[in-house]
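Beneath this line is the structure, given in structure tokens, with notes to follow.
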Amino acid sequence: MIAKSTIDQVYETARVEEVIGDFVNLKKSGSNFKGLSPFTDERTPSFMVSPVKQIWKDFSSGKGGNVVAFLMEHEHFTYPEAIKYLAKKYQIEVEETQQSDEQKEKASERESLYLVSEFASEYYQDVLWNSEPGKAVGLSYFKERGFTEETIRHFGLGYGLDEWDAFTAHALEKGYQLEYLEKTGLTIVKDDPRNPGEKRKFDRFKGRVIFPIHSLSGRVLGFGGRILGNDKKAAKYLNSPESDIYHKSKVLYGIYFAKQAIAREDTCYLVEGYTDVIQMYQRGIRNVVSSSGTALTPEQVRMVSRLTKNITVLFDGDAAGLRASLRGVDLILEQGMNVRICTFPPGEDPDSFARNNAYEDVVLYLEENAKDFIQFKTSLLAEEAANDPIKKAETIRDIVSSIAKVPDRIKREIYVQQCAAMMNISEEVLFNTLAQMGRKEFQEARRKERQDSKAFEVIKQTPGETKLDVQYELERKIIEILLLYGKEMEEFEDLVLKENEEGELELEPERIEARVYEKIYLDLQEDEIELTHDRFKTIYYKLMEALNEQEDFQIAHFLQELDQTLVKEVSSILMEEERYNLHNWERKDIYPKEKTRTVAQLVSETILTLRCFLIKKRIQNLQQDTEEKTEDNTEVLEEIVNYLQLNKLLNNKLNRVLS
């Protein structure tokens with residue numbers, strides 16, 4: 001277990017905006033930051049981060065919390081994993097207490113897969129640097145590719161011995177379970193035909209140089225391996241198979257090393273292979289990632305879109321089937337991103353071009369030769385079509401199909417105008433073709449929707465109206481007031497119930513000065529009101545304790561003492577009003593009134609409203625009792641009359657406060 005002193009130091013040091021900024025491109029919005037949700041596919045920012053409160057809220061998914069909660073949600077870390085990640089980021093030494101055998105057994109399977117992968121990465125690096133075959137074969141290969149020792153170590157490159165089970169035997173000897181070696185794909189397990197009931201174990205990456213594949217947070221998910229021998233039957237490149245921690249469609253090679261540069265430069269270069277990424281990075285182009293030779297997926301594009309809206313795809317100079325490769329770029333357009341294409345001179349690829357040219361020359365080439373995707377595709381296909389009218393018609397349809405992927409209407413219109421000029425065809429024809437494609441896609445989507453709904457048809461029920469839970473909202477408001485203004489000293493108008501000379505009840509105001517938390521506590525105590533919702537009740541008592549005991553109450557410190565379920569609840573309460581900041585009301589000359597100007601009024605109004613609600617509820621219960629009982633109800637009726645009179649007085653007072 002991690003020592004509490006370490007946890008406290010991590011919370012004191014970690015900044016939520018810095019940590020989340022490694023995963024999401026955040027932009028300043030008043031005193032907060034906003035960005036695209038990393039949990040949903042959205043194009044309008046609904047993700048807010050508060051540096052002052054050290055919390056975040058994603059309004060599109062409902063998730064929220066502190067810095068640890070973000071890592072647990074986004075990276076699927078356990079609580080200890082999140083603390084260790086932050087400790088590593090901020091160079092804090094982790095002090096751990098001894099775990100019992102039972103605690104070790106409770107370690108999740110997912111964590112076991114991570115541990116095995118981390119161990120494998122360290123093993124392959126050790127073989128590369130400290131074994132004779134590693135230095136003679138693996139290290140020599142990397143140096144021949146032009147990689148420096150610093151670069152090789154930075155990317156964690158390694159080498160797998162050309163032996164059937166060298167890694168597996170070493171891992172088993174170190175106590176790692178065969179089950180997890182197999183599930184990560186590091187070890188291939190097969191039945192032994194010579195010995196029925198026995199298993200044969202092979203190293204997947206035998207005789208290969210190793211490229212570890214990292215998550216956005218830097219954890220090793222899997223590996224890519226390139227064979228160096230002359231075995232023609234073996235695949236040149238081999239990747240880890242899919243596992244609980246490695247999904248190749250959701251991973252980009254190099255994203256961990258490139259994420260900060262991508263956000264800083266506000267653009268991303270997409271290449272094909274591992275060595276392309278490493279060579280470009282070594283040359284100084286840090287904002288570069290690779291799809292690892294697989295077709296680009298929407299998940300990979302969305303990963304980049306959280307960091308930037310600009311992506312440049314780099315193609316080999318003599319890439320055969322460039323037209324086919326371009327089809328995969330259409331889905332980048334679908335995500336609303338700005339796509340540019342850059343091809344290298346014949347015989348060159350990103351790896352060789354970066355190796356053979358200085359940093360300034362590479363940057364200049366990329367700037368001068370990167371073309372807008374639609375323009376690039378139009379010019380490329382126009383050359384292929386030449387004077388063949390049939391090919392030209394096919395080319396135009398192909399280009400218009402790409403334009404149709406662009407969600408922004410203004411961009412679509414500009415692309416149509418450019419395409420019309422380049423292909424010497426009227427804009428009207430292109431717009432009509434675009435409209436036809438749109439209708440066709442809409443009809444196909446509707447047909448599929450009808451088929452799906454028919455396949456899963458159930459008896460429809462008329463949805464009932466969602467009733468507002470008044471008490472829930474009021475209790476939530478009380479928690480919000482305590483969090484934001486609990487320690488503030490305010491002058492309140494207290495209400496004392498007295499009889500006047502005519503014998504009628506009336507509320508007589510008295511001015512008192514108190515802290516907000518004291519006023520709320522005394523009011524609820526006086527009326528014997530308890531919060532009814534369990535989470536609010538727990539937060540309420542913890543808040544009262546903290547506000548009473550701590551001279552300098554800090555929300556960040558308070559959150560540190562809560563479990564993650566309550567952290568999410570508190571964050572949701574605190575960030576609710578930030579939702580409206582997303583709309584930029586100030587630009588429309590609308591300036592919402594700040595609550596800090598009327599804290600005493602807000603407290604009084606909330607408590608009065610809760611009292612009225614509970615009185616009304618009590619009246620309803622008493623009325624129900626009189627309907628069910630047949631005996632004399634005089635006393636109950638008198639009680640109802642008294643409550644009605646009190647309710648009237650409170651409502652009159654409430655109306656005056658509101659006016």
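Every chain in the structure tokens takes a letter, A first, then B, and so on in the order presented; its residues are numbered from 1, and the ligands are numbered from 1 following the presented order.
With only C-alpha atoms taken into account, the protein and nucleic acid residues at most 12 Å from Glu513 (chain A) (excluding it and anything under 5 positions from it in its own chain) are Glu488, Met489, Glu490, Glu491, Phe492, Glu493, Asp494, Glu518, Lys519 and Ala600 of chain A.
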For the residues in that selection, give me N, CA and C atoms as a compact mmCIF listing (two decimals), in the first residue's frame.
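out.txt was written with the following content:
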# COMPACT_ATOMS: atom_id res chain seq x y z
N GLU A 488 -17.70 31.97 4.94
CA GLU A 488 -17.92 33.42 4.85
C GLU A 488 -18.81 33.92 5.98
N MET A 489 -18.47 35.12 6.49
CA MET A 489 -19.26 35.77 7.54
C MET A 489 -20.30 36.66 6.86
N GLU A 490 -21.57 36.46 7.19
CA GLU A 490 -22.65 37.22 6.56
C GLU A 490 -23.62 37.71 7.63
N GLU A 491 -24.39 38.74 7.28
CA GLU A 491 -25.46 39.22 8.16
C GLU A 491 -26.78 38.65 7.65
N PHE A 492 -27.46 37.88 8.48
CA PHE A 492 -28.70 37.21 8.09
C PHE A 492 -29.90 37.84 8.79
N GLU A 493 -31.05 37.69 8.14
CA GLU A 493 -32.31 38.08 8.75
C GLU A 493 -32.97 36.82 9.28
N ASP A 494 -32.90 36.63 10.60
CA ASP A 494 -33.50 35.44 11.21
C ASP A 494 -34.98 35.69 11.44
N GLU A 518 -22.48 27.89 9.96
CA GLU A 518 -23.13 27.92 11.27
C GLU A 518 -24.62 28.20 11.13
N LYS A 519 -24.97 29.15 10.28
CA LYS A 519 -26.38 29.51 10.06
C LYS A 519 -27.17 28.32 9.52
N ALA A 600 -26.17 35.84 1.64
CA ALA A 600 -27.13 35.75 2.74
C ALA A 600 -28.54 35.51 2.21
Exercise. Quick one: DSSP helix (DSSP H, G or I) residues in region 13-50 of chain A, as a ChimeraX atom specification?
Worked result: /A:13,16-21
For this session: Mind the document's chain letters and residue numbers, and return as a PyMOL selection string the residues of region 126-278 of chain A that DSSP labels strand (DSSP E or B).
Result: chain A and resi 158-159+187-191+199-203+208-214+220-227+237-239+253+268-271
Seminar exercise, completed: Expressed in Å, the length from CA of Asp316 (chain A) to CA of Val209 (chain A) is 23.1 Å
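Among the candidates A:Arg327, A:Lys411, A:Arg611, A:Arg208, the residue lying nearest to Ala234 (chain A) is A:Arg208 (atoms considered: only C-alpha atoms).
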Problem set entry | Spatial neighbours of Thr538 (chain A), max dist 12 Å, only C-alpha atoms, sep filter under 6 positions, as a PyMOL selection string | chain A and resi 475+479+530-532+544-545+562-563+565-567+569-570
Preceding selection exported with N, CA and C atoms as a tab-separated table (two decimals), in the first residue's frame:
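Heads up, here's the output in again.tsv:
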chain	number	residue	atom	x	y	z
A	475	GLU	N	-31.47	20.04	-1.26
A	475	GLU	CA	-30.36	19.48	-0.50
A	475	GLU	C	-29.05	19.66	-1.28
A	479	ILE	N	-25.55	21.82	-0.14
A	479	ILE	CA	-24.16	21.35	-0.25
A	479	ILE	C	-23.33	22.35	-1.05
A	530	GLU	N	-33.26	16.64	8.63
A	530	GLU	CA	-32.11	15.82	8.21
A	530	GLU	C	-32.15	15.64	6.71
A	531	LEU	N	-30.99	15.70	6.07
A	531	LEU	CA	-30.94	15.44	4.63
A	531	LEU	C	-31.34	13.99	4.38
A	532	THR	N	-32.13	13.78	3.33
A	532	THR	CA	-32.69	12.45	3.09
A	532	THR	C	-31.88	11.62	2.10
A	544	MET	N	-19.45	19.81	7.47
A	544	MET	CA	-19.62	20.50	8.74
A	544	MET	C	-18.40	20.29	9.65
A	545	GLU	N	-17.91	19.06	9.64
A	545	GLU	CA	-16.74	18.73	10.45
A	545	GLU	C	-15.51	19.51	9.97
A	562	LEU	N	-12.22	12.43	0.55
A	562	LEU	CA	-13.44	11.71	0.15
A	562	LEU	C	-13.11	10.53	-0.75
A	563	ASP	N	-14.02	9.54	-0.78
A	563	ASP	CA	-13.82	8.47	-1.76
A	563	ASP	C	-14.26	9.00	-3.12
A	565	THR	N	-16.43	8.23	-5.36
A	565	THR	CA	-17.86	8.39	-5.67
A	565	THR	C	-18.34	9.76	-5.20
A	566	LEU	N	-17.94	10.13	-3.97
A	566	LEU	CA	-18.33	11.42	-3.42
A	566	LEU	C	-17.58	12.57	-4.11
A	567	VAL	N	-16.34	12.32	-4.52
A	567	VAL	CA	-15.57	13.33	-5.27
A	567	VAL	C	-16.31	13.70	-6.55
A	569	GLU	N	-19.51	13.45	-7.13
A	569	GLU	CA	-20.73	14.18	-6.77
A	569	GLU	C	-20.42	15.64	-6.45
A	570	VAL	N	-19.39	15.85	-5.63
A	570	VAL	CA	-19.00	17.22	-5.26
A	570	VAL	C	-18.56	18.01	-6.49
What are the closest atom pairs, with distances in Å to one decimal, for all residues of region 178-247 of chain A lying within 8 Å of region 140-160 of chain A? Consider only C-alpha atoms, order rows by chain and residue number, and present the result as JSON lines.
{"residue": "A:Phe205", "atom": "CA", "partner": "A:Gly160", "partner_atom": "CA", "distance": 5.9}
{"residue": "A:Lys206", "atom": "CA", "partner": "A:Gly160", "partner_atom": "CA", "distance": 5.2}
{"residue": "A:Gly207", "atom": "CA", "partner": "A:Gly160", "partner_atom": "CA", "distance": 5.3}
{"residue": "A:Arg208", "atom": "CA", "partner": "A:Gly160", "partner_atom": "CA", "distance": 5.3}
{"residue": "A:Val209", "atom": "CA", "partner": "A:Tyr159", "partner_atom": "CA", "distance": 4.4}
{"residue": "A:Ile210", "atom": "CA", "partner": "A:Gly158", "partner_atom": "CA", "distance": 4.7}
{"residue": "A:Phe211", "atom": "CA", "partner": "A:Leu157", "partner_atom": "CA", "distance": 5.2}
{"residue": "A:Pro212", "atom": "CA", "partner": "A:Gly156", "partner_atom": "CA", "distance": 6.5}
Since we have the selection now, will you write its residues out, keeping N, CA, C and O atoms, as a short mmCIF file (atom, residue, chain, number, x, y, z; two decimals), in the first residue's frame?
data_model
loop_
_atom_site.label_atom_id
_atom_site.label_comp_id
_atom_site.auth_asym_id
_atom_site.auth_seq_id
_atom_site.Cartn_x
_atom_site.Cartn_y
_atom_site.Cartn_z
N PHE A 205 8.11 -12.83 -30.00
CA PHE A 205 9.02 -11.88 -30.64
C PHE A 205 10.46 -12.41 -30.71
O PHE A 205 11.42 -11.65 -30.62
N LYS A 206 10.59 -13.70 -30.88
CA LYS A 206 11.89 -14.36 -31.02
C LYS A 206 12.65 -13.79 -32.23
O LYS A 206 12.13 -13.73 -33.34
N GLY A 207 13.90 -13.35 -31.98
CA GLY A 207 14.76 -12.89 -33.08
C GLY A 207 14.30 -11.61 -33.74
O GLY A 207 14.54 -11.40 -34.93
N ARG A 208 13.65 -10.73 -32.96
CA ARG A 208 13.14 -9.48 -33.54
C ARG A 208 13.60 -8.28 -32.72
O ARG A 208 13.80 -8.38 -31.51
N VAL A 209 13.76 -7.12 -33.42
CA VAL A 209 13.95 -5.87 -32.69
C VAL A 209 12.58 -5.41 -32.22
O VAL A 209 11.58 -5.62 -32.91
N ILE A 210 12.54 -4.80 -31.05
CA ILE A 210 11.27 -4.54 -30.38
C ILE A 210 10.97 -3.04 -30.29
O ILE A 210 11.83 -2.24 -29.93
N PHE A 211 9.70 -2.71 -30.61
CA PHE A 211 9.20 -1.34 -30.48
C PHE A 211 8.03 -1.36 -29.49
O PHE A 211 6.93 -1.80 -29.84
N PRO A 212 8.24 -0.92 -28.24
CA PRO A 212 7.13 -0.88 -27.28
C PRO A 212 6.06 0.13 -27.72
O PRO A 212 6.39 1.21 -28.22
#
Name all residues at most 10 Å from region 369-383 of chain A (count only C-alpha atoms; drop same-chain ones fewer than 4 positions away) and give them as a PDB file with N, CA and C atoms, in the first residue's frame.
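Output saved as out_29.pdb:
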ATOM      1  N   THR A 312      -1.649  16.507 -40.715  1.00  0.00           N
ATOM      2  CA  THR A 312      -0.990  16.405 -42.022  1.00  0.00           C
ATOM      3  C   THR A 312      -0.532  14.963 -42.202  1.00  0.00           C
ATOM      4  N   VAL A 313      -1.008  14.329 -43.264  1.00  0.00           N
ATOM      5  CA  VAL A 313      -0.658  12.935 -43.541  1.00  0.00           C
ATOM      6  C   VAL A 313       0.539  12.913 -44.491  1.00  0.00           C
ATOM      7  N   LEU A 314       1.596  12.193 -44.087  1.00  0.00           N
ATOM      8  CA  LEU A 314       2.822  12.128 -44.887  1.00  0.00           C
ATOM      9  C   LEU A 314       2.886  10.806 -45.635  1.00  0.00           C
ATOM     10  N   LEU A 322      -1.394   5.095 -54.032  1.00  0.00           N
ATOM     11  CA  LEU A 322      -1.647   6.294 -53.244  1.00  0.00           C
ATOM     12  C   LEU A 322      -3.128   6.633 -53.219  1.00  0.00           C
ATOM     13  N   ARG A 323      -3.806   6.378 -54.343  1.00  0.00           N
ATOM     14  CA  ARG A 323      -5.239   6.673 -54.434  1.00  0.00           C
ATOM     15  C   ARG A 323      -6.016   5.863 -53.397  1.00  0.00           C
ATOM     16  N   LEU A 326      -5.582   7.231 -49.953  1.00  0.00           N
ATOM     17  CA  LEU A 326      -6.331   8.455 -49.698  1.00  0.00           C
ATOM     18  C   LEU A 326      -7.744   8.180 -49.203  1.00  0.00           C
ATOM     19  N   ARG A 327      -8.310   7.034 -49.584  1.00  0.00           N
ATOM     20  CA  ARG A 327      -9.681   6.719 -49.158  1.00  0.00           C
ATOM     21  C   ARG A 327      -9.787   6.652 -47.641  1.00  0.00           C
ATOM     22  N   VAL A 329      -8.282   8.467 -45.606  1.00  0.00           N
ATOM     23  CA  VAL A 329      -8.194   9.804 -45.020  1.00  0.00           C
ATOM     24  C   VAL A 329      -9.568  10.461 -44.928  1.00  0.00           C
ATOM     25  N   ASP A 330     -10.551   9.941 -45.685  1.00  0.00           N
ATOM     26  CA  ASP A 330     -11.901  10.506 -45.661  1.00  0.00           C
ATOM     27  C   ASP A 330     -12.477  10.546 -44.246  1.00  0.00           C
ATOM     28  N   LEU A 333     -11.799  13.613 -42.322  1.00  0.00           N
ATOM     29  CA  LEU A 333     -12.706  14.705 -42.689  1.00  0.00           C
ATOM     30  C   LEU A 333     -14.024  14.582 -41.933  1.00  0.00           C
ATOM     31  N   ASN A 338      -9.096  19.454 -40.055  1.00  0.00           N
ATOM     32  CA  ASN A 338      -8.466  20.058 -41.234  1.00  0.00           C
ATOM     33  C   ASN A 338      -7.323  19.143 -41.666  1.00  0.00           C
ATOM     34  N   VAL A 339      -7.428  18.578 -42.859  1.00  0.00           N
ATOM     35  CA  VAL A 339      -6.466  17.572 -43.310  1.00  0.00           C
ATOM     36  C   VAL A 339      -5.612  18.114 -44.448  1.00  0.00           C
ATOM     37  N   ARG A 340      -4.305  17.902 -44.309  1.00  0.00           N
ATOM     38  CA  ARG A 340      -3.367  18.257 -45.378  1.00  0.00           C
ATOM     39  C   ARG A 340      -2.554  17.021 -45.740  1.00  0.00           C
ATOM     40  N   ILE A 341      -2.073  16.991 -46.975  1.00  0.00           N
ATOM     41  CA  ILE A 341      -1.293  15.857 -47.480  1.00  0.00           C
ATOM     42  C   ILE A 341       0.070  16.365 -47.943  1.00  0.00           C
ATOM     43  N   CYS A 342       1.087  15.591 -47.613  1.00  0.00           N
ATOM     44  CA  CYS A 342       2.434  15.934 -48.090  1.00  0.00           C
ATOM     45  C   CYS A 342       3.101  14.656 -48.593  1.00  0.00           C
ATOM     46  N   THR A 343       3.567  14.678 -49.832  1.00  0.00           N
ATOM     47  CA  THR A 343       4.305  13.531 -50.376  1.00  0.00           C
ATOM     48  C   THR A 343       5.776  13.915 -50.507  1.00  0.00           C
ATOM     49  N   PHE A 344       6.641  12.920 -50.351  1.00  0.00           N
ATOM     50  CA  PHE A 344       8.082  13.162 -50.433  1.00  0.00           C
ATOM     51  C   PHE A 344       8.584  12.883 -51.852  1.00  0.00           C
ATOM     52  N   LEU A 364      10.887  23.267 -43.607  1.00  0.00           N
ATOM     53  CA  LEU A 364      10.589  24.076 -44.790  1.00  0.00           C
ATOM     54  C   LEU A 364       9.875  23.243 -45.847  1.00  0.00           C
ATOM     55  N   TYR A 365      10.340  21.998 -46.046  1.00  0.00           N
ATOM     56  CA  TYR A 365       9.714  21.127 -47.051  1.00  0.00           C
ATOM     57  C   TYR A 365       8.257  20.838 -46.686  1.00  0.00           C
ATOM     58  N   ASN A 387      -7.739  13.119 -70.417  1.00  0.00           N
ATOM     59  CA  ASN A 387      -8.798  13.488 -71.358  1.00  0.00           C
ATOM     60  C   ASN A 387      -9.871  12.417 -71.499  1.00  0.00           C
ATOM     61  N   LYS A 391     -13.410   8.448 -67.043  1.00  0.00           N
ATOM     62  CA  LYS A 391     -12.556   8.520 -65.851  1.00  0.00           C
ATOM     63  C   LYS A 391     -12.749   9.845 -65.128  1.00  0.00           C
ATOM     64  N   LYS A 392     -12.936  10.920 -65.926  1.00  0.00           N
ATOM     65  CA  LYS A 392     -13.114  12.235 -65.329  1.00  0.00           C
ATOM     66  C   LYS A 392     -14.390  12.278 -64.489  1.00  0.00           C
ATOM     67  N   GLU A 394     -15.863   9.697 -63.054  1.00  0.00           N
ATOM     68  CA  GLU A 394     -15.613   8.893 -61.844  1.00  0.00           C
ATOM     69  C   GLU A 394     -14.786   9.691 -60.833  1.00  0.00           C
ATOM     70  N   THR A 395     -13.789  10.427 -61.367  1.00  0.00           N
ATOM     71  CA  THR A 395     -12.929  11.234 -60.508  1.00  0.00           C
ATOM     72  C   THR A 395     -13.730  12.289 -59.760  1.00  0.00           C
ATOM     73  N   ILE A 396     -14.631  12.964 -60.477  1.00  0.00           N
ATOM     74  CA  ILE A 396     -15.449  14.017 -59.860  1.00  0.00           C
ATOM     75  C   ILE A 396     -16.326  13.434 -58.756  1.00  0.00           C
ATOM     76  N   ASP A 398     -15.715  10.783 -57.022  1.00  0.00           N
ATOM     77  CA  ASP A 398     -14.814  10.413 -55.922  1.00  0.00           C
ATOM     78  C   ASP A 398     -14.489  11.632 -55.060  1.00  0.00           C
ATOM     79  N   ILE A 399     -14.198  12.756 -55.725  1.00  0.00           N
ATOM     80  CA  ILE A 399     -13.850  13.981 -54.998  1.00  0.00           C
ATOM     81  C   ILE A 399     -15.061  14.501 -54.222  1.00  0.00           C
ATOM     82  N   VAL A 400     -16.226  14.501 -54.877  1.00  0.00           N
ATOM     83  CA  VAL A 400     -17.446  14.988 -54.219  1.00  0.00           C
ATOM     84  C   VAL A 400     -17.798  14.109 -53.019  1.00  0.00           C
ATOM     85  N   SER A 402     -15.705  12.760 -51.044  1.00  0.00           N
ATOM     86  CA  SER A 402     -14.842  13.232 -49.947  1.00  0.00           C
ATOM     87  C   SER A 402     -15.375  14.546 -49.377  1.00  0.00           C
ATOM     88  N   ILE A 403     -15.803  15.445 -50.273  1.00  0.00           N
ATOM     89  CA  ILE A 403     -16.352  16.729 -49.816  1.00  0.00           C
ATOM     90  C   ILE A 403     -17.590  16.487 -48.950  1.00  0.00           C
ATOM     91  N   TYR A 415     -14.873  24.080 -50.923  1.00  0.00           N
ATOM     92  CA  TYR A 415     -14.272  22.944 -51.644  1.00  0.00           C
ATOM     93  C   TYR A 415     -14.945  22.725 -52.995  1.00  0.00           C
ATOM     94  N   VAL A 416     -16.253  22.878 -53.029  1.00  0.00           N
ATOM     95  CA  VAL A 416     -16.982  22.711 -54.298  1.00  0.00           C
ATOM     96  C   VAL A 416     -16.509  23.757 -55.300  1.00  0.00           C
ATOM     97  N   GLN A 418     -13.593  25.297 -55.420  1.00  0.00           N
ATOM     98  CA  GLN A 418     -12.225  24.976 -55.843  1.00  0.00           C
ATOM     99  C   GLN A 418     -12.214  23.804 -56.822  1.00  0.00           C
ATOM    100  N   CYS A 419     -12.992  22.769 -56.482  1.00  0.00           N
ATOM    101  CA  CYS A 419     -13.054  21.577 -57.346  1.00  0.00           C
ATOM    102  C   CYS A 419     -13.617  21.935 -58.719  1.00  0.00           C
ATOM    103  N   ALA A 420     -14.645  22.786 -58.751  1.00  0.00           N
ATOM    104  CA  ALA A 420     -15.263  23.191 -60.020  1.00  0.00           C
ATOM    105  C   ALA A 420     -14.250  23.907 -60.908  1.00  0.00           C
ATOM    106  N   MET A 422     -10.887  23.660 -60.746  1.00  0.00           N
ATOM    107  CA  MET A 422      -9.797  22.762 -61.122  1.00  0.00           C
ATOM    108  C   MET A 422     -10.232  21.724 -62.151  1.00  0.00           C
ATOM    109  N   MET A 423     -11.481  21.268 -62.061  1.00  0.00           N
ATOM    110  CA  MET A 423     -11.966  20.219 -62.969  1.00  0.00           C
ATOM    111  C   MET A 423     -12.745  20.786 -64.160  1.00  0.00           C
TER     112      MET A 423
END
For this session: Mind checking which residues fall within 12 Å of Lys259 (chain A), counting only C-alpha atoms, ignoring those fewer than 6 positions away in the same chain, and posting them as number ranges by chain?
Result: A: 19-25, 214-218, 252-253, 265-269, 286-289, 303-308
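Atom pair CA of Val277 (chain A) / CA of Asp351 (chain A) has a distance of 7.5 Å (rounded to one decimal).
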